[in-house]
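Participant: Structure supplied as final_16.pdb; contents: PDB, C-alpha atoms.
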ATOM      1  CA  MET A   1       0.180  26.332   2.971
ATOM      2  CA  SER A   2      -1.725  29.242   1.493
ATOM      3  CA  LYS A   3      -5.481  29.347   0.870
ATOM      4  CA  LYS A   4      -4.928  28.386  -2.774
ATOM      5  CA  SER A   5      -2.433  25.591  -2.153
ATOM      6  CA  ARG A   6      -1.360  23.232  -4.852
ATOM      7  CA  ARG A   7      -2.471  19.645  -4.897
ATOM      8  CA  ILE A   8       0.136  16.912  -4.607
ATOM      9  CA  ILE A   9      -0.543  13.247  -5.364
ATOM     10  CA  LYS A  10       2.460  11.047  -4.675
ATOM     11  CA  GLU A  11       2.625   7.343  -3.818
ATOM     12  CA  ASN A  12      -1.187   7.219  -3.572
ATOM     13  CA  VAL A  13      -1.241  10.055  -1.013
ATOM     14  CA  ILE A  14      -3.336  13.153  -1.720
ATOM     15  CA  LEU A  15      -1.949  16.230  -0.030
ATOM     16  CA  GLU A  16      -3.904  19.452  -0.264
ATOM     17  CA  GLN A  17      -5.439  22.024   2.020
ATOM     18  CA  ARG A  18      -9.170  21.638   2.764
ATOM     19  CA  GLN A  19     -11.387  24.300   4.321
ATOM     20  CA  LEU A  20     -13.195  23.558   7.586
ATOM     21  CA  LEU A  21     -16.826  24.588   7.165
ATOM     22  CA  LYS A  22     -19.346  25.403   9.892
ATOM     23  CA  ILE A  23     -22.965  24.559   9.183
ATOM     24  CA  GLY A  24     -25.264  25.175  12.121
ATOM     25  CA  ARG A  25     -23.522  23.857  15.245
ATOM     26  CA  SER A  26     -21.382  21.309  13.377
ATOM     27  CA  HIS A  27     -18.093  21.507  11.478
ATOM     28  CA  TYR A  28     -17.339  19.696   8.236
ATOM     29  CA  ILE A  29     -14.438  18.980   5.903
ATOM     30  CA  SER A  30     -14.878  17.590   2.400
ATOM     31  CA  VAL A  31     -13.345  14.280   1.319
ATOM     32  CA  PRO A  32     -11.356  14.172  -1.948
ATOM     33  CA  LYS A  33     -13.240  12.583  -4.852
ATOM     34  CA  GLU A  34     -10.320  10.210  -5.559
ATOM     35  CA  PHE A  35     -10.499   8.883  -1.971
ATOM     36  CA  MET A  36     -14.248   8.268  -2.258
ATOM     37  CA  GLU A  37     -13.886   6.515  -5.596
ATOM     38  CA  ALA A  38     -10.926   4.378  -4.458
ATOM     39  CA  HIS A  39     -12.897   3.083  -1.462
ATOM     40  CA  GLY A  40     -16.345   2.838  -3.054
ATOM     41  CA  LEU A  41     -17.807   5.524  -0.791
ATOM     42  CA  LYS A  42     -20.932   7.568  -1.425
ATOM     43  CA  ALA A  43     -22.836  10.354   0.311
ATOM     44  CA  GLY A  44     -24.481   9.049   3.484
ATOM     45  CA  ASP A  45     -21.851   6.374   4.226
ATOM     46  CA  TYR A  46     -20.388   6.263   7.741
ATOM     47  CA  LEU A  47     -16.629   6.525   8.295
ATOM     48  CA  PRO A  48     -14.713   5.895  11.518
ATOM     49  CA  VAL A  49     -12.786   8.995  12.594
ATOM     50  CA  ALA A  50      -9.855   8.755  15.011
ATOM     51  CA  ALA A  51      -8.450  11.980  16.406
ATOM     52  CA  ASN A  52      -5.672  13.007  18.749
ATOM     53  CA  HIS A  53      -3.017  15.346  17.338
ATOM     54  CA  ILE A  54      -3.772  13.860  13.875
ATOM     55  CA  LEU A  55      -7.213  13.322  12.342
ATOM     56  CA  LYS A  56      -7.594   9.982  10.549
ATOM     57  CA  ILE A  57     -10.562   8.974   8.426
ATOM     58  CA  ILE A  58     -10.517   5.239   7.797
ATOM     59  CA  PRO A  59     -12.888   3.513   5.343
ATOM     60  CA  MET A  60     -14.613   0.421   6.736
ATOM     61  CA  SER A  61     -13.361  -1.557   3.723
ATOM     62  CA  GLU A  62      -9.834  -1.346   5.192
ATOM     63  CA  GLY A  63     -10.817  -3.347   8.297
ATOM     64  CA  GLU A  64     -11.805  -2.698  11.895
ATOM     65  CA  VAL A  65     -10.353   0.313  13.699
ATOM     66  CA  VAL A  66      -8.881  -0.309  17.161
ATOM     67  CA  VAL A  67      -6.872   1.832  19.555
ATOM     68  CA  GLU A  68      -3.553   0.419  20.781
ATOM     69  CA  ASN A  69      -1.038   2.389  22.834
ATOM     70  CA  GLY A  70      -2.901   5.630  22.166
ATOM     71  CA  GLU A  71      -2.874   5.221  18.376
ATOM     72  CA  ALA A  72      -5.677   4.214  15.999
ATOM     73  CA  LYS A  73      -4.784   1.185  13.903
ATOM     74  CA  VAL A  74      -6.615  -0.861  11.329
ATOM     75  CA  VAL A  75      -6.855  -4.615  11.788
ATOM     76  CA  LYS A  76      -8.275  -6.969   9.207
ATOM     77  CA  GLU A  77      -9.903  -9.331  11.722
ATOM     78  CA  LYS A  78     -12.190  -8.396  14.587
ATOM     79  CA  LYS A  79     -10.484  -8.610  17.988
ATOM     80  CA  ASP A  80     -12.187 -10.267  20.961
ATOM     81  CA  GLU A  81     -12.704  -7.889  23.888
TER
END
Show how you would write the structure in this file as structure tokens.
Facilitator:
Amino acid sequence: MSKKSRRIIKENVILEQRQLLKIGRSHYISVPKEFMEAHGLKAGDYLPVAANHILKIIPMSEGEVVVENGEAKVVKEKKDE
């Protein structure tokens, strides 16, 4: 994708290129407005982030995030440890 890539929204999936920003010692990427609105998110909210070869940002409203067989999954009910 080029710097000025087109935005694709298909089957409730937003696909577009986002720029990774460095502010101080940290790196940031912006979240699409449609994603924030769809999940009732606002500035200051915390989001679980799961990363291996794919970065996943999962809103808490979707359920609890657990790791099974090396992959992050969302479960609706809390698992006993």
Participant: Translate the PyMOL selection byres ((chain A and resi 30-46) around 9), as applied to the file shown, into an explicit residue set as a list in words.
Facilitator: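 Checking the PyMOL selection byres ((chain A and resi 30-46) around 9) against this file, the residues are Ile14, Arg18, Gln19, Leu20, Leu21, Tyr28, Ile29, Leu47, Pro48, Pro59, Met60, Ser61 and Glu62 of chain A.
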Participant: Any chance you can output those residues with C-alpha atoms as a short mmCIF file (atom, residue, chain, number, x, y, z; two decimals), in the coordinates of the input?
Facilitator:
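Output (result_20.cif):
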data_model
loop_
_atom_site.label_atom_id
_atom_site.label_comp_id
_atom_site.auth_asym_id
_atom_site.auth_seq_id
_atom_site.Cartn_x
_atom_site.Cartn_y
_atom_site.Cartn_z
CA ILE A 14 -3.34 13.15 -1.72
CA ARG A 18 -9.17 21.64 2.76
CA GLN A 19 -11.39 24.30 4.32
CA LEU A 20 -13.20 23.56 7.59
CA LEU A 21 -16.83 24.59 7.16
CA TYR A 28 -17.34 19.70 8.24
CA ILE A 29 -14.44 18.98 5.90
CA LEU A 47 -16.63 6.52 8.30
CA PRO A 48 -14.71 5.90 11.52
CA PRO A 59 -12.89 3.51 5.34
CA MET A 60 -14.61 0.42 6.74
CA SER A 61 -13.36 -1.56 3.72
CA GLU A 62 -9.83 -1.35 5.19
#
Participant: So what does the PyMOL selection byres ((chain A and resi 56) around 12) actually pick up in this one, as number ranges by chain?
Facilitator: A: 31, 47-55, 57-59, 65, 71-74
Participant: Rounded to one decimal in Å, what is the spacing between atom CA of A:Val75 and atom CA of A:Glu11?
Facilitator: 21.8 Å
Participant: Find the distance between atom CA of A:Ile8 and atom CA of A:Ser26 and write it in Å to one decimal.
Facilitator: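 Atom CA of A:Ser26 lies at a distance of 28.4 Å from atom CA of A:Ile8.
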Participant: State, in Å with one decimal place, the distance from atom CA of A:Glu64 to atom CA of A:Lys76.
Facilitator: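 Atom-to-atom, atom CA of A:Glu64 to atom CA of A:Lys76, that is 6.2 Å.
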Participant: With N, CA and C atoms as the target, complete stretch 45-62 of chain A and hand it back as a PDB file, keeping the file's coordinate frame.
Facilitator:
ATOM      1  N   ASP A  45     -22.616   7.455   3.598  1.00  0.00           N
ATOM      2  CA  ASP A  45     -21.851   6.374   4.226  1.00  0.00           C
ATOM      3  C   ASP A  45     -21.254   6.865   5.540  1.00  0.00           C
ATOM      4  N   TYR A  46     -21.028   5.945   6.468  1.00  0.00           N
ATOM      5  CA  TYR A  46     -20.388   6.263   7.741  1.00  0.00           C
ATOM      6  C   TYR A  46     -18.912   5.907   7.666  1.00  0.00           C
ATOM      7  N   LEU A  47     -18.075   6.751   8.264  1.00  0.00           N
ATOM      8  CA  LEU A  47     -16.629   6.525   8.295  1.00  0.00           C
ATOM      9  C   LEU A  47     -16.130   6.660   9.721  1.00  0.00           C
ATOM     10  N   PRO A  48     -15.325   5.710  10.206  1.00  0.00           N
ATOM     11  CA  PRO A  48     -14.713   5.895  11.518  1.00  0.00           C
ATOM     12  C   PRO A  48     -13.720   7.051  11.460  1.00  0.00           C
ATOM     13  N   VAL A  49     -13.723   7.874  12.491  1.00  0.00           N
ATOM     14  CA  VAL A  49     -12.786   8.995  12.594  1.00  0.00           C
ATOM     15  C   VAL A  49     -12.028   8.833  13.898  1.00  0.00           C
ATOM     16  N   ALA A  50     -10.706   8.826  13.821  1.00  0.00           N
ATOM     17  CA  ALA A  50      -9.855   8.755  15.011  1.00  0.00           C
ATOM     18  C   ALA A  50      -9.095  10.070  15.100  1.00  0.00           C
ATOM     19  N   ALA A  51      -9.100  10.674  16.284  1.00  0.00           N
ATOM     20  CA  ALA A  51      -8.450  11.980  16.406  1.00  0.00           C
ATOM     21  C   ALA A  51      -7.688  12.093  17.716  1.00  0.00           C
ATOM     22  N   ASN A  52      -6.462  12.524  17.626  1.00  0.00           N
ATOM     23  CA  ASN A  52      -5.672  13.007  18.749  1.00  0.00           C
ATOM     24  C   ASN A  52      -4.961  14.240  18.192  1.00  0.00           C
ATOM     25  N   HIS A  53      -3.677  14.213  17.994  1.00  0.00           N
ATOM     26  CA  HIS A  53      -3.017  15.346  17.338  1.00  0.00           C
ATOM     27  C   HIS A  53      -3.100  15.244  15.806  1.00  0.00           C
ATOM     28  N   ILE A  54      -3.569  14.092  15.306  1.00  0.00           N
ATOM     29  CA  ILE A  54      -3.772  13.860  13.875  1.00  0.00           C
ATOM     30  C   ILE A  54      -5.179  13.313  13.682  1.00  0.00           C
ATOM     31  N   LEU A  55      -5.878  13.807  12.677  1.00  0.00           N
ATOM     32  CA  LEU A  55      -7.213  13.322  12.342  1.00  0.00           C
ATOM     33  C   LEU A  55      -7.088  12.256  11.264  1.00  0.00           C
ATOM     34  N   LYS A  56      -7.632  11.072  11.526  1.00  0.00           N
ATOM     35  CA  LYS A  56      -7.594   9.982  10.549  1.00  0.00           C
ATOM     36  C   LYS A  56      -9.016   9.582  10.202  1.00  0.00           C
ATOM     37  N   ILE A  57      -9.280   9.469   8.913  1.00  0.00           N
ATOM     38  CA  ILE A  57     -10.562   8.974   8.426  1.00  0.00           C
ATOM     39  C   ILE A  57     -10.263   7.651   7.748  1.00  0.00           C
ATOM     40  N   ILE A  58     -10.887   6.572   8.242  1.00  0.00           N
ATOM     41  CA  ILE A  58     -10.517   5.239   7.797  1.00  0.00           C
ATOM     42  C   ILE A  58     -11.741   4.535   7.216  1.00  0.00           C
ATOM     43  N   PRO A  59     -11.734   4.198   5.923  1.00  0.00           N
ATOM     44  CA  PRO A  59     -12.888   3.513   5.343  1.00  0.00           C
ATOM     45  C   PRO A  59     -13.066   2.122   5.936  1.00  0.00           C
ATOM     46  N   MET A  60     -14.305   1.724   6.150  1.00  0.00           N
ATOM     47  CA  MET A  60     -14.613   0.421   6.736  1.00  0.00           C
ATOM     48  C   MET A  60     -14.050  -0.718   5.888  1.00  0.00           C
ATOM     49  N   SER A  61     -13.885  -0.511   4.599  1.00  0.00           N
ATOM     50  CA  SER A  61     -13.361  -1.557   3.723  1.00  0.00           C
ATOM     51  C   SER A  61     -11.923  -1.933   4.067  1.00  0.00           C
ATOM     52  N   GLU A  62     -11.223  -1.070   4.809  1.00  0.00           N
ATOM     53  CA  GLU A  62      -9.834  -1.346   5.192  1.00  0.00           C
ATOM     54  C   GLU A  62      -9.746  -2.307   6.375  1.00  0.00           C
TER      55      GLU A  62
END
